[in-house]
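Inspection log for the structure reproduced underneath, given as structure tokens.
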Amino acid sequence: GAVVSQHPSRVICKSGTSVKIECRSLDFQATTMFWYRQFPKKSLMLMATSNEGSKATYEQGVEKDKFLINHASLTLSTLTVTSAHPEDSSFYICSARGPGRGYNEQFFGPGTRLTVL
Amino acid sequence: SQKIEQNSEALNIQEGKTATLTCNYTNYSPAYLQWYRQDPGRGPVFLLLIRENEKEKRKERLKVTFDTTLKQSLFHITASQPADSATYLCAPTDSWGKFQFGAGTQVVVTP
């Protein structure tokens with residue numbers, strides 16, 4: 001089956017610093033990648049959709065200057081949380097979809113736990 | 001606005017019994033509905049998908065129903081096992097394939 005990895009799995013940073021999270025599709029080419037965040041006991045909320053080689057599409061209410069997304073290759077997308085603050089602490093999950101597949105055929109990464117002190 | 005409701009309270013069930021989870025949605029006309037499993041600190045794992053013109057779908061010990069009139073999907077785990085303990089998420093999906101997750105229902109299966 002398709003495998004998606006995320007790195008790091010956990011990160012703790014000081015307020016005001018920037019944090020980069022990587023999402024990789026290990027055995028397929030991901031034309032589209034999605035980024036979600038999840039608060040404790042809450043549902044996953046779609047933050048943005050990124051297509052390889054083009055700008056990400058952000059969901060309403062998500063600050064694109066705060067959450068920078070880059071999808072430079074068919075196997076890698078990165079999410080950078082800029083000038084992180086404690087309220088950015090959350091569980092960030094990416095998913096990836098291969099070419100010619102519907103939205104439902106998304107494969108999820110294991111998630112990254114971000115804690116901002 | 002679109003709303004997805006799943007039982008917020010954990011479902012505690014004895015091993016061997018059937019667990020039934022509910023997913024209700026409003027202001028939605030999903031083309032299909034997906035169910036995922038999520039373990040603590042992990043990403044969701046796809047389980048089943050049921051289309052709007054299907055009443056019922058089965059996969060091993062899992063069964064899903066979809067009632068577009070009631071705007072509801074039921075998810076059943078038959079002969080439940082402790083390994084089934086997890087949070088189960090429903091995701092109504094539109095015809096473009098875009099979906100949102102419900103908050104999920106935690107299932108705890110005790111031996």
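Please note that chains go A, B, ... in the order of the structure tokens, that every chain numbers its residues from 1, and that ligands are numbered from 1 in the order shown.
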
Could the residues of chain B that have an atom at most 6 Å from chain A be listed as CSV, each with its closest atom pair and the distance in Å to one decimal, counting only C-alpha atoms and ordered by chain and ascending residue number?
residue,atom,partner,partner_atom,distance
B:Arg42,CA,A:Pro110,CA,4.7
B:Gly43,CA,A:Pro110,CA,4.5
B:Gly97,CA,A:Tyr103,CA,4.6
B:Phe101,CA,A:Ser43,CA,5.9
B:Gly102,CA,A:Ser43,CA,5.6
B:Ala103,CA,A:Ser43,CA,3.8

- Query: Can you list, as a PyMOL selection string, every protein, DNA or RNA residue that comes within 8 Å of stretch 46-59 of chain B when you count only C-alpha atoms, leaving out same-chain residues fewer than 6 positions away?
  - Reply: (chain A and resi 107) or (chain B and resi 30-37+65-68)

Serialized selection, N, CA, C and O atoms, as a PDB file, in the first residue's frame:
ATOM      1  N   PHE A 107      -3.826   9.099   1.312  1.00  0.00           N
ATOM      2  CA  PHE A 107      -3.080   8.298   2.271  1.00  0.00           C
ATOM      3  C   PHE A 107      -2.463   9.255   3.281  1.00  0.00           C
ATOM      4  O   PHE A 107      -1.801  10.212   2.915  1.00  0.00           O
TER       5      PHE A 107
ATOM      6  N   PRO B  30     -23.781  14.903   0.257  1.00  0.00           N
ATOM      7  CA  PRO B  30     -22.578  14.158  -0.116  1.00  0.00           C
ATOM      8  C   PRO B  30     -22.842  13.141  -1.208  1.00  0.00           C
ATOM      9  O   PRO B  30     -23.899  12.522  -1.247  1.00  0.00           O
ATOM     10  N   ALA B  31     -21.888  12.998  -2.088  1.00  0.00           N
ATOM     11  CA  ALA B  31     -21.970  11.970  -3.122  1.00  0.00           C
ATOM     12  C   ALA B  31     -21.610  10.612  -2.524  1.00  0.00           C
ATOM     13  O   ALA B  31     -22.059   9.573  -3.008  1.00  0.00           O
ATOM     14  N   TYR B  32     -20.790  10.642  -1.495  1.00  0.00           N
ATOM     15  CA  TYR B  32     -20.485   9.405  -0.789  1.00  0.00           C
ATOM     16  C   TYR B  32     -19.980   9.749   0.599  1.00  0.00           C
ATOM     17  O   TYR B  32     -19.795  10.933   0.944  1.00  0.00           O
ATOM     18  N   LEU B  33     -19.810   8.721   1.380  1.00  0.00           N
ATOM     19  CA  LEU B  33     -19.423   8.918   2.764  1.00  0.00           C
ATOM     20  C   LEU B  33     -18.321   7.921   3.097  1.00  0.00           C
ATOM     21  O   LEU B  33     -18.405   6.744   2.754  1.00  0.00           O
ATOM     22  N   GLN B  34     -17.298   8.428   3.762  1.00  0.00           N
ATOM     23  CA  GLN B  34     -16.167   7.577   4.108  1.00  0.00           C
ATOM     24  C   GLN B  34     -16.094   7.393   5.614  1.00  0.00           C
ATOM     25  O   GLN B  34     -16.510   8.266   6.369  1.00  0.00           O
ATOM     26  N   TRP B  35     -15.520   6.294   6.015  1.00  0.00           N
ATOM     27  CA  TRP B  35     -15.239   6.043   7.426  1.00  0.00           C
ATOM     28  C   TRP B  35     -13.751   5.740   7.582  1.00  0.00           C
ATOM     29  O   TRP B  35     -13.170   4.982   6.796  1.00  0.00           O
ATOM     30  N   TYR B  36     -13.168   6.351   8.605  1.00  0.00           N
ATOM     31  CA  TYR B  36     -11.753   6.175   8.902  1.00  0.00           C
ATOM     32  C   TYR B  36     -11.589   5.741  10.353  1.00  0.00           C
ATOM     33  O   TYR B  36     -12.430   6.012  11.202  1.00  0.00           O
ATOM     34  N   ARG B  37     -10.455   5.137  10.610  1.00  0.00           N
ATOM     35  CA  ARG B  37     -10.079   4.795  11.968  1.00  0.00           C
ATOM     36  C   ARG B  37      -8.850   5.623  12.324  1.00  0.00           C
ATOM     37  O   ARG B  37      -7.935   5.776  11.510  1.00  0.00           O
ATOM     38  N   THR B  65     -24.106   1.688   6.620  1.00  0.00           N
ATOM     39  CA  THR B  65     -25.341   2.019   5.906  1.00  0.00           C
ATOM     40  C   THR B  65     -25.354   3.518   5.644  1.00  0.00           C
ATOM     41  O   THR B  65     -24.687   4.291   6.341  1.00  0.00           O
ATOM     42  N   PHE B  66     -26.125   3.897   4.647  1.00  0.00           N
ATOM     43  CA  PHE B  66     -26.161   5.294   4.231  1.00  0.00           C
ATOM     44  C   PHE B  66     -27.596   5.638   3.861  1.00  0.00           C
ATOM     45  O   PHE B  66     -28.153   5.061   2.926  1.00  0.00           O
ATOM     46  N   ASP B  67     -28.207   6.533   4.620  1.00  0.00           N
ATOM     47  CA  ASP B  67     -29.588   6.941   4.365  1.00  0.00           C
ATOM     48  C   ASP B  67     -29.582   8.424   4.028  1.00  0.00           C
ATOM     49  O   ASP B  67     -29.456   9.275   4.913  1.00  0.00           O
ATOM     50  N   THR B  68     -29.715   8.743   2.751  1.00  0.00           N
ATOM     51  CA  THR B  68     -29.633  10.141   2.322  1.00  0.00           C
ATOM     52  C   THR B  68     -30.888  10.922   2.710  1.00  0.00           C
ATOM     53  O   THR B  68     -30.840  12.148   2.766  1.00  0.00           O
TER      54      THR B  68
END

- Message: Residues within 7 Å of B:Glu15, please, as a ChimeraX atom specification. Count only C-alpha atoms; anything in the same chain fewer than 6 positions from it doesn't count.
- Response: /B:79-82,109-111

- So which residues touch B:Asp39 within 9 Å, counting only C-alpha atoms, skipping near sequence neighbours fewer than 2 positions away, as a PyMOL selection string? chain B and resi 37+41-45+85-88

- From atom CA of B:Phe99 to atom CA of B:Tyr25 the spacing works out at 12.0 Å

- Item | Filtered DSSP result for chain A, state strand (DSSP E), as a PyMOL selection string | chain A and resi 4-7+10-13+19-25+32-38+44-51+57-58+67-73+76-81+90-97+107-108+112-116

Suppose we keep C-alpha atoms; can you now write the selection as a short mmCIF file (atom, residue, chain, number, x, y, z; two decimals), in the first residue's frame?
data_model
loop_
_atom_site.label_atom_id
_atom_site.label_comp_id
_atom_site.auth_asym_id
_atom_site.auth_seq_id
_atom_site.Cartn_x
_atom_site.Cartn_y
_atom_site.Cartn_z
CA VAL A 4 3.31 8.59 3.64
CA SER A 5 5.86 9.71 6.21
CA GLN A 6 6.19 12.88 8.24
CA HIS A 7 9.20 14.38 9.92
CA ARG A 10 7.34 15.62 17.58
CA VAL A 11 8.79 19.10 17.89
CA ILE A 12 8.99 21.53 20.75
CA CYS A 13 9.99 25.09 20.01
CA VAL A 19 9.14 25.22 12.44
CA LYS A 20 9.24 23.16 9.25
CA ILE A 21 7.36 19.88 8.90
CA GLU A 22 8.05 17.52 6.02
CA CYS A 23 5.58 15.19 4.34
CA ARG A 24 6.89 12.54 1.96
CA SER A 25 5.17 9.96 -0.21
CA THR A 32 -1.64 16.59 -4.52
CA MET A 33 -0.94 16.84 -0.82
CA PHE A 34 -3.21 18.05 1.93
CA TRP A 35 -2.41 19.52 5.32
CA TYR A 36 -4.68 19.15 8.33
CA ARG A 37 -4.50 20.19 11.95
CA GLN A 38 -6.22 18.53 14.84
CA LEU A 44 -9.15 17.06 11.63
CA MET A 45 -9.52 20.41 9.91
CA LEU A 46 -8.28 20.82 6.36
CA MET A 47 -5.85 23.72 6.23
CA ALA A 48 -4.69 23.71 2.63
CA THR A 49 -4.37 21.73 -0.57
CA SER A 50 -1.15 21.82 -2.53
CA ASN A 51 -0.47 20.65 -6.05
CA THR A 57 -5.00 26.68 -1.88
CA TYR A 58 -5.85 27.62 1.68
CA PHE A 67 1.46 28.54 7.39
CA LEU A 68 3.77 28.40 4.39
CA ILE A 69 3.31 25.37 2.18
CA ASN A 70 5.73 24.26 -0.49
CA HIS A 71 5.19 21.29 -2.80
CA ALA A 72 8.36 21.40 -4.82
CA SER A 73 8.48 17.77 -5.92
CA LEU A 76 7.71 16.10 -0.85
CA SER A 77 5.58 18.86 0.64
CA THR A 78 6.60 21.05 3.54
CA LEU A 79 4.59 23.09 6.01
CA THR A 80 6.40 25.90 7.79
CA VAL A 81 4.75 27.45 10.81
CA SER A 90 -1.49 21.17 17.61
CA PHE A 91 -1.26 17.86 15.78
CA TYR A 92 -0.47 18.43 12.10
CA ILE A 93 -1.24 15.66 9.63
CA CYS A 94 -0.55 15.51 5.93
CA SER A 95 -2.09 13.28 3.31
CA ALA A 96 -1.13 12.56 -0.26
CA ARG A 97 -2.96 11.58 -3.40
CA PHE A 107 -3.08 8.30 2.27
CA PHE A 108 -2.36 9.90 5.59
CA THR A 112 3.54 15.73 13.80
CA ARG A 113 2.91 16.95 17.33
CA LEU A 114 3.95 20.61 17.62
CA THR A 115 4.31 22.19 21.05
CA VAL A 116 5.15 25.89 21.23
#

- List the neighbours of B:Asn24 out to 9 Å using only C-alpha atoms; skip same-chain residues closer than 6 positions along the sequence, and give me the result as a list in words. Lys3, Ile4, Glu5, Gln6, Leu70, Lys71, Gln72, Ser73 and Leu74 of chain B

- Task: Mind checking which residues fall within 12 Å of B:Thr18, counting only C-alpha atoms, ignoring those fewer than 6 positions away in the same chain, and posting them as a list in words?
- Result: Leu11, Asn12, Arg61, Leu62, Lys63, Phe75, His76, Ile77, Thr78, Ala79, Ser80, Gln81, Asp84, Val107, Val108 and Val109 of chain B

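We find atom CA of A:Phe28 and atom CA of B:Pro40 to be spaced 25.9 Å apart.
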
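When atom CA of B:Gln2 is paired with atom CA of A:Thr31, their separation reads 27.8 Å.
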